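See below for coords22.cif, which holds mmCIF, C-alpha atoms and all ligand atoms; chains and numbers go by the auth columns.
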data_run
loop_
_atom_site.group_PDB
_atom_site.id
_atom_site.type_symbol
_atom_site.label_atom_id
_atom_site.label_comp_id
_atom_site.label_asym_id
_atom_site.label_seq_id
_atom_site.Cartn_x
_atom_site.Cartn_y
_atom_site.Cartn_z
_atom_site.B_iso_or_equiv
_atom_site.auth_seq_id
_atom_site.auth_asym_id
ATOM 1 C CA ALA A 1 52.239 -69.800 -37.112 0.00 1 A
ATOM 2 C CA PRO A 2 53.677 -66.268 -37.212 0.00 2 A
ATOM 3 C CA ASP A 3 57.240 -67.569 -37.524 0.00 3 A
ATOM 4 C CA ALA A 4 56.287 -69.480 -40.684 0.00 4 A
ATOM 5 C CA MET A 5 54.675 -66.523 -42.457 0.00 5 A
ATOM 6 C CA PRO A 6 56.341 -64.820 -45.406 0.00 6 A
ATOM 7 C CA PRO A 7 57.659 -61.282 -44.851 0.00 7 A
ATOM 8 C CA GLN A 8 54.796 -58.930 -43.965 0.00 8 A
ATOM 9 C CA VAL A 9 54.526 -55.204 -44.603 0.00 9 A
ATOM 10 C CA GLY A 10 56.035 -53.408 -41.610 0.00 10 A
ATOM 11 C CA ASP A 11 58.393 -56.239 -40.675 0.00 11 A
ATOM 12 C CA PHE A 12 62.034 -55.524 -39.947 0.00 12 A
ATOM 13 C CA LEU A 13 64.826 -57.530 -41.548 0.00 13 A
ATOM 14 C CA VAL A 14 67.381 -59.355 -39.431 0.00 14 A
ATOM 15 C CA SER A 15 70.189 -61.784 -40.104 0.00 15 A
ATOM 16 C CA PRO A 16 69.047 -65.404 -39.584 0.00 16 A
ATOM 17 C CA ALA A 17 71.031 -65.636 -36.336 0.00 17 A
ATOM 18 C CA GLY A 18 70.237 -62.174 -35.063 0.00 18 A
ATOM 19 C CA SER A 19 67.440 -60.048 -33.749 0.00 19 A
ATOM 20 C CA THR A 20 68.817 -56.554 -34.345 0.00 20 A
ATOM 21 C CA PRO A 21 67.039 -54.851 -37.247 0.00 21 A
ATOM 22 C CA LEU A 22 69.324 -54.285 -40.213 0.00 22 A
ATOM 23 C CA THR A 23 69.929 -50.796 -41.559 0.00 23 A
ATOM 24 C CA PRO A 24 70.871 -49.920 -45.136 0.00 24 A
ATOM 25 C CA ASP A 25 74.475 -49.625 -43.992 0.00 25 A
ATOM 26 C CA SER A 26 74.401 -53.265 -42.843 0.00 26 A
ATOM 27 C CA ILE A 27 74.498 -54.104 -46.559 0.00 27 A
ATOM 28 C CA LYS A 28 77.650 -53.172 -48.417 0.00 28 A
ATOM 29 C CA LEU A 29 77.516 -51.671 -51.887 0.00 29 A
ATOM 30 C CA ASP A 30 78.116 -54.147 -54.717 0.00 30 A
ATOM 31 C CA SER A 31 78.827 -57.038 -52.375 0.00 31 A
ATOM 32 C CA LYS A 32 77.576 -60.606 -52.324 0.00 32 A
ATOM 33 C CA PRO A 33 73.957 -61.311 -51.351 0.00 33 A
ATOM 34 C CA PHE A 34 73.259 -60.951 -47.633 0.00 34 A
ATOM 35 C CA GLU A 35 70.893 -63.583 -46.215 0.00 35 A
ATOM 36 C CA ALA A 36 68.141 -62.142 -44.054 0.00 36 A
ATOM 37 C CA VAL A 37 64.772 -63.032 -42.591 0.00 37 A
ATOM 38 C CA ALA A 38 61.821 -60.885 -41.592 0.00 38 A
ATOM 39 C CA MET A 39 60.992 -60.061 -37.978 0.00 39 A
ATOM 40 C CA SER A 40 57.587 -58.811 -36.919 0.00 40 A
ATOM 41 C CA PRO A 41 57.362 -55.492 -35.030 0.00 41 A
ATOM 42 C CA ASP A 42 56.738 -57.511 -31.856 0.00 42 A
ATOM 43 C CA GLY A 43 59.864 -59.590 -32.356 0.00 43 A
ATOM 44 C CA VAL A 44 58.752 -62.834 -34.039 0.00 44 A
ATOM 45 C CA VAL A 45 61.574 -63.927 -36.354 0.00 45 A
ATOM 46 C CA ARG A 46 60.002 -65.503 -39.446 0.00 46 A
ATOM 47 C CA ASN A 47 62.632 -68.176 -39.972 0.00 47 A
ATOM 48 C CA ALA A 48 60.578 -71.353 -39.595 0.00 48 A
ATOM 49 C CA GLU A 49 60.312 -71.784 -43.374 0.00 49 A
ATOM 50 C CA TYR A 50 63.555 -71.546 -45.309 0.00 50 A
ATOM 51 C CA GLU A 51 61.662 -70.382 -48.394 0.00 51 A
ATOM 52 C CA ASN A 52 60.888 -67.112 -46.618 0.00 52 A
ATOM 53 C CA THR A 53 64.582 -66.206 -46.615 0.00 53 A
ATOM 54 C CA VAL A 54 65.419 -62.929 -48.341 0.00 54 A
ATOM 55 C CA LEU A 55 68.624 -62.008 -50.150 0.00 55 A
ATOM 56 C CA LEU A 56 69.626 -58.366 -49.718 0.00 56 A
ATOM 57 C CA LEU A 57 71.922 -56.546 -52.117 0.00 57 A
ATOM 58 C CA ARG A 58 72.876 -52.905 -52.404 0.00 58 A
ATOM 59 C CA TYR A 59 73.605 -50.692 -55.375 0.00 59 A
ATOM 60 C CA ASP A 60 73.891 -47.005 -56.093 0.00 60 A
ATOM 61 C CA PRO A 61 70.186 -46.173 -56.612 0.00 61 A
ATOM 62 C CA ALA A 62 71.082 -43.840 -59.489 0.00 62 A
ATOM 63 C CA THR A 63 72.217 -46.889 -61.475 0.00 63 A
ATOM 64 C CA LEU A 64 68.939 -48.792 -61.037 0.00 64 A
ATOM 65 C CA PRO A 65 66.024 -48.722 -63.495 0.00 65 A
ATOM 66 C CA ALA A 66 62.947 -46.938 -62.111 0.00 66 A
ATOM 67 C CA GLU A 67 60.856 -50.030 -61.359 0.00 67 A
ATOM 68 C CA THR A 68 63.655 -51.683 -59.398 0.00 68 A
ATOM 69 C CA ALA A 69 64.677 -48.459 -57.657 0.00 69 A
ATOM 70 C CA ALA A 70 61.085 -47.908 -56.534 0.00 70 A
ATOM 71 C CA LYS A 71 61.239 -51.114 -54.498 0.00 71 A
ATOM 72 C CA SER A 72 64.626 -50.284 -52.997 0.00 72 A
ATOM 73 C CA ALA A 73 65.523 -48.479 -49.812 0.00 73 A
ATOM 74 C CA GLU A 74 68.663 -46.365 -50.149 0.00 74 A
ATOM 75 C CA GLY A 75 69.749 -48.771 -52.883 0.00 75 A
ATOM 76 C CA VAL A 76 69.078 -51.940 -50.857 0.00 76 A
ATOM 77 C CA LEU A 77 67.107 -54.553 -52.803 0.00 77 A
ATOM 78 C CA GLY A 78 65.437 -57.700 -51.513 0.00 78 A
ATOM 79 C CA TYR A 79 64.764 -60.926 -53.423 0.00 79 A
ATOM 80 C CA THR A 80 63.595 -64.375 -52.502 0.00 80 A
ATOM 81 C CA ILE A 81 66.369 -66.942 -52.086 0.00 81 A
ATOM 82 C CA ILE A 82 64.227 -69.529 -53.912 0.00 82 A
ATOM 83 C CA CYS A 83 64.947 -70.092 -57.601 0.00 83 A
ATOM 84 C CA THR A 84 61.829 -69.948 -59.766 0.00 84 A
ATOM 85 C CA HIS A 85 62.927 -72.966 -61.799 0.00 85 A
ATOM 86 C CA ALA A 86 62.709 -75.864 -59.358 0.00 86 A
ATOM 87 C CA GLY A 87 62.998 -74.183 -56.003 0.00 87 A
ATOM 88 C CA CYS A 88 66.674 -74.556 -55.124 0.00 88 A
ATOM 89 C CA PRO A 89 68.199 -71.849 -52.951 0.00 89 A
ATOM 90 C CA LEU A 90 70.332 -69.375 -54.863 0.00 90 A
ATOM 91 C CA SER A 91 74.069 -69.227 -54.314 0.00 91 A
ATOM 92 C CA ASP A 92 75.445 -66.803 -51.738 0.00 92 A
ATOM 93 C CA THR A 93 77.842 -65.429 -54.306 0.00 93 A
ATOM 94 C CA LEU A 94 77.070 -63.564 -57.512 0.00 94 A
ATOM 95 C CA LYS A 95 78.295 -64.983 -60.818 0.00 95 A
ATOM 96 C CA SER A 96 79.137 -62.266 -63.357 0.00 96 A
ATOM 97 C CA LYS A 97 77.078 -59.864 -61.211 0.00 97 A
ATOM 98 C CA LEU A 98 73.999 -62.095 -61.450 0.00 98 A
ATOM 99 C CA LEU A 99 72.140 -64.046 -58.790 0.00 99 A
ATOM 100 C CA ALA A 100 72.989 -67.637 -59.550 0.00 100 A
ATOM 101 C CA CYS A 101 71.350 -71.010 -59.003 0.00 101 A
ATOM 102 C CA ASP A 102 73.842 -73.864 -58.989 0.00 102 A
ATOM 103 C CA CYS A 103 71.185 -76.560 -59.452 0.00 103 A
ATOM 104 C CA HIS A 104 70.687 -76.075 -63.195 0.00 104 A
ATOM 105 C CA GLY A 105 72.460 -72.805 -63.958 0.00 105 A
ATOM 106 C CA SER A 106 69.698 -70.198 -63.953 0.00 106 A
ATOM 107 C CA ARG A 107 70.754 -66.565 -63.540 0.00 107 A
ATOM 108 C CA PHE A 108 68.694 -63.559 -62.461 0.00 108 A
ATOM 109 C CA ASP A 109 69.582 -59.881 -62.743 0.00 109 A
ATOM 110 C CA PRO A 110 69.157 -58.177 -59.359 0.00 110 A
ATOM 111 C CA THR A 111 69.473 -54.724 -60.923 0.00 111 A
ATOM 112 C CA LYS A 112 66.467 -55.405 -63.198 0.00 112 A
ATOM 113 C CA ASN A 113 63.662 -56.530 -60.887 0.00 113 A
ATOM 114 C CA GLY A 114 65.067 -60.075 -60.910 0.00 114 A
ATOM 115 C CA GLU A 115 64.563 -60.733 -64.611 0.00 115 A
ATOM 116 C CA VAL A 116 65.845 -64.025 -66.006 0.00 116 A
ATOM 117 C CA ALA A 117 69.269 -63.578 -67.590 0.00 117 A
ATOM 118 C CA HIS A 118 69.721 -67.304 -68.232 0.00 118 A
ATOM 119 C CA GLY A 119 67.398 -70.291 -68.142 0.00 119 A
ATOM 120 C CA PRO A 120 66.210 -72.878 -67.538 0.00 120 A
ATOM 121 C CA ALA A 121 64.152 -70.608 -65.245 0.00 121 A
ATOM 122 C CA VAL A 122 61.455 -68.798 -67.228 0.00 122 A
ATOM 123 C CA ARG A 123 59.966 -66.640 -64.504 0.00 123 A
ATOM 124 C CA LYS A 124 61.609 -63.613 -62.885 0.00 124 A
ATOM 125 C CA LEU A 125 62.778 -63.737 -59.300 0.00 125 A
ATOM 126 C CA PRO A 126 60.176 -62.306 -56.901 0.00 126 A
ATOM 127 C CA GLN A 127 61.298 -58.962 -55.476 0.00 127 A
ATOM 128 C CA LEU A 128 60.345 -57.708 -52.017 0.00 128 A
ATOM 129 C CA GLY A 129 59.581 -53.997 -51.638 0.00 129 A
ATOM 130 C CA LEU A 130 61.765 -52.343 -49.002 0.00 130 A
ATOM 131 C CA GLY A 131 61.517 -49.098 -47.090 0.00 131 A
ATOM 132 C CA ILE A 132 63.127 -47.320 -44.173 0.00 132 A
ATOM 133 C CA LYS A 133 61.557 -46.642 -40.808 0.00 133 A
ATOM 134 C CA ASP A 134 63.515 -44.847 -38.098 0.00 134 A
ATOM 135 C CA GLY A 135 66.688 -45.643 -40.007 0.00 135 A
ATOM 136 C CA GLN A 136 65.974 -49.367 -40.194 0.00 136 A
ATOM 137 C CA LEU A 137 65.079 -51.515 -43.177 0.00 137 A
ATOM 138 C CA VAL A 138 61.447 -52.572 -43.264 0.00 138 A
ATOM 139 C CA VAL A 139 59.249 -54.499 -45.650 0.00 139 A
ATOM 140 C CA ALA A 140 57.162 -51.999 -47.644 0.00 140 A
ATOM 141 C CA GLU A 141 55.480 -54.357 -50.111 0.00 141 A
ATOM 142 C CA ALA A 142 55.034 -58.126 -50.311 0.00 142 A
ATOM 143 C CA PHE A 143 56.947 -60.138 -52.915 0.00 143 A
ATOM 144 C CA ASP A 144 55.811 -58.953 -56.351 0.00 144 A
ATOM 145 C CA SER A 145 55.217 -62.491 -57.625 0.00 145 A
ATOM 146 C CA ARG A 146 54.854 -66.019 -56.337 0.00 146 A
ATOM 147 C CA VAL A 147 57.777 -67.446 -54.340 0.00 147 A
ATOM 148 C CA GLY A 148 58.631 -71.015 -55.267 0.00 148 A
ATOM 149 C CA GLY A 149 59.825 -73.250 -58.049 0.00 149 A
ATOM 150 C CA ASP A 150 57.684 -73.822 -61.115 0.00 150 A
ATOM 151 C CA MET A 151 58.980 -77.376 -61.572 0.00 151 A
ATOM 152 C CA MET A 152 58.864 -78.256 -57.897 0.00 152 A
ATOM 153 C CA GLY A 153 59.202 -81.986 -57.505 0.00 153 A
ATOM 154 C CA GLU A 154 59.040 -82.804 -61.211 0.00 154 A
ATOM 155 C CA ASP A 155 62.711 -82.298 -61.719 0.00 155 A
ATOM 156 C CA ASP A 156 63.785 -85.204 -59.553 0.00 156 A
ATOM 157 C CA ARG A 157 61.619 -87.840 -61.179 0.00 157 A
HETATM 158 FE FE1 LIG B . 67.462 -73.162 -60.051 0.00 201 B
HETATM 159 FE FE2 LIG B . 66.874 -75.275 -61.552 0.00 201 B
HETATM 160 S S1 LIG B . 66.299 -74.891 -59.526 0.00 201 B
HETATM 161 S S2 LIG B . 68.120 -73.593 -62.054 0.00 201 B
#
Any chance you could give the structure as structure tokens?
Amino acid sequence: APDAMPPQVGDFLVSPAGSTPLTPDSIKLDSKPFEAVAMSPDGVVRNAEYENTVLLLRYDPATLPAETAAKSAEGVLGYTIICTHAGCPLSDTLKSKLLACDCHGSRFDPTKNGEVAHGPAVRKLPQLGLGIKDGQLVVAEAFDSRVGGDMMGEDDR
């Protein structure tokens, strides 16, 4: 179903409770991750699957490495909320400026394309490419790697 699809190129981003497309200024510089979901151009909010949730952050683009900046829109970056270790959702607060998973302590650097700063995760956090259309944030590229945990299910045995 369209509401269960991952973010698609051309989708807007909205807060999980809202339907008004977010703009770059919806996301404050250097603040905690902002939870968002994609919304199709015809208004389908893709919130049926929690794993399609996106965390938005914003930095001064001049401070970002080229690869990360290229996927940003006016400094706004998007990442999956799902930890690559075993699929827990990441915390809604940064720990020492890193995206943090409270399940087993993994950390990811949002300013470096989601690279692993701390295990046990071994795979970088998938980054969503963002753009701007008519002043609003849109999805410009799909996640750059697979969303989901590598140890899904095994960890609880
Ligand atoms: Fe995130 Fe294990 S699921 S650290």
*Neighbours of Asp3 in chain A within 10 Å (all atoms listed in the file; same-chain residues fewer than 3 positions away dropped), as an NGL selection string?*
:A and (6-7 or 38-40 or 43-49 or 52)
Just-selected residues, C-alpha atoms written as a PDB file, in the coordinates of the input:
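Output file out_6.pdb follows:
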ATOM      1  CA  PRO A   6      56.341 -64.820 -45.406  1.00  0.00           C
ATOM      2  CA  PRO A   7      57.659 -61.282 -44.851  1.00  0.00           C
ATOM      3  CA  ALA A  38      61.821 -60.885 -41.592  1.00  0.00           C
ATOM      4  CA  MET A  39      60.992 -60.061 -37.978  1.00  0.00           C
ATOM      5  CA  SER A  40      57.587 -58.811 -36.919  1.00  0.00           C
ATOM      6  CA  GLY A  43      59.864 -59.590 -32.356  1.00  0.00           C
ATOM      7  CA  VAL A  44      58.752 -62.834 -34.039  1.00  0.00           C
ATOM      8  CA  VAL A  45      61.574 -63.927 -36.354  1.00  0.00           C
ATOM      9  CA  ARG A  46      60.002 -65.503 -39.446  1.00  0.00           C
ATOM     10  CA  ASN A  47      62.632 -68.176 -39.972  1.00  0.00           C
ATOM     11  CA  ALA A  48      60.578 -71.353 -39.595  1.00  0.00           C
ATOM     12  CA  GLU A  49      60.312 -71.784 -43.374  1.00  0.00           C
ATOM     13  CA  ASN A  52      60.888 -67.112 -46.618  1.00  0.00           C
TER      14      ASN A  52
END
*Hits of the PyMOL selection byres (((chain A and resi 141-147) around 7) and not hetatm) in this structure, as a ChimeraX atom specification*: /A:7-9,80,82,126-130,139-140,148
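The contact shell of ligand LIG 201 (chain B), defined as all polymer residues within 6 Å when all atoms listed in the file are used, comprises Cys83, His85, Ala86, Gly87, Cys88, Cys101, Cys103, His104, Gly105, Ser106, Pro120 and Ala121 of chain A.
Compared by their closest atoms to Leu125 in chain A, and using all atoms listed in the file, the residues A:Leu29, A:Ala73, A:Leu22, A:Ile81 rank with A:Ile81 nearest.
Between Val37 in chain A and the residues A:Leu137, A:Val122, A:Leu99, A:Ala69, the shortest atom-to-atom distance, using all atoms listed in the file, involves A:Leu137.
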_Ile27 in chain A environment, 8 Å, only C-alpha atoms, sequence neighbours closer than 4 positions dropped, as a ChimeraX atom specification_ = /A:23,31,34,56-58,76
*Residue IDs satisfying the PyMOL selection byres (((chain A and resi 114) around 8) and not hetatm), as a PyMOL selection string*: chain A and resi 79+108-113+115-116+124-127
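CA of Asp92 in chain A to CA of Asp134 in chain A spans 28.5 Å [interatomic distance, one decimal].
Put simply, CA of Val54 in chain A is 14.3 Å away from CA of Ser26 in chain A.
Between CA of Tyr59 in chain A and CA of Ser72 in chain A the interatomic distance comes to 9.3 Å.
Considering the residues A:Pro89, A:Gly149, A:Gly78, A:Gly119 and counting only C-alpha atoms, Pro24 in chain A has its shortest atom-to-atom contact with A:Gly78.
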Since I can't run it myself right now, could you work out what the PyMOL selection byres (((chain A and resi 96) around 12) and not hetatm) selects here and report it as a PDB file with C-alpha atoms, in the coordinates of the input?
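The result, stored in expr.pdb:
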ATOM      1  CA  ASP A  30      78.116 -54.147 -54.717  1.00  0.00           C
ATOM      2  CA  LYS A  32      77.576 -60.606 -52.324  1.00  0.00           C
ATOM      3  CA  THR A  93      77.842 -65.429 -54.306  1.00  0.00           C
ATOM      4  CA  LEU A  94      77.070 -63.564 -57.512  1.00  0.00           C
ATOM      5  CA  LYS A  95      78.295 -64.983 -60.818  1.00  0.00           C
ATOM      6  CA  LYS A  97      77.078 -59.864 -61.211  1.00  0.00           C
ATOM      7  CA  LEU A  98      73.999 -62.095 -61.450  1.00  0.00           C
ATOM      8  CA  LEU A  99      72.140 -64.046 -58.790  1.00  0.00           C
ATOM      9  CA  ALA A 100      72.989 -67.637 -59.550  1.00  0.00           C
ATOM     10  CA  ARG A 107      70.754 -66.565 -63.540  1.00  0.00           C
ATOM     11  CA  PHE A 108      68.694 -63.559 -62.461  1.00  0.00           C
ATOM     12  CA  ASP A 109      69.582 -59.881 -62.743  1.00  0.00           C
ATOM     13  CA  PRO A 110      69.157 -58.177 -59.359  1.00  0.00           C
ATOM     14  CA  ALA A 117      69.269 -63.578 -67.590  1.00  0.00           C
ATOM     15  CA  HIS A 118      69.721 -67.304 -68.232  1.00  0.00           C
TER      16      HIS A 118
END
Please write out, as lines of an AutoDock Vina configuration file, where the centre of an axis-aligned box around all listed atoms of range 36-40 of chain A lies and how long its edges are, in Å to one decimal, after adding 4 Å on each side.
center_x = 62.9
center_y = -60.9
center_z = -40.5
size_x = 18.6
size_y = 12.2
size_z = 15.1
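Of the listed residues A:Asp11, A:Thr84, A:Gln136, A:Lys71, the one whose atoms come nearest to Arg123 in chain A is A:Thr84, with distances taken using all atoms listed in the file.
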*May I have the residues at most 6 Å from (70.4, -62.8, -41.4) in the file's coordinates, counting only C-alpha atoms, as an MDAnalysis selection string?*
chainID A and resid 14:17 35:37
*For Asp25 in chain A, which residue among A:Ala1, A:Ala62, A:Ala70, A:Ile132 is the nearest when counting all atoms listed in the file?*
A:Ile132
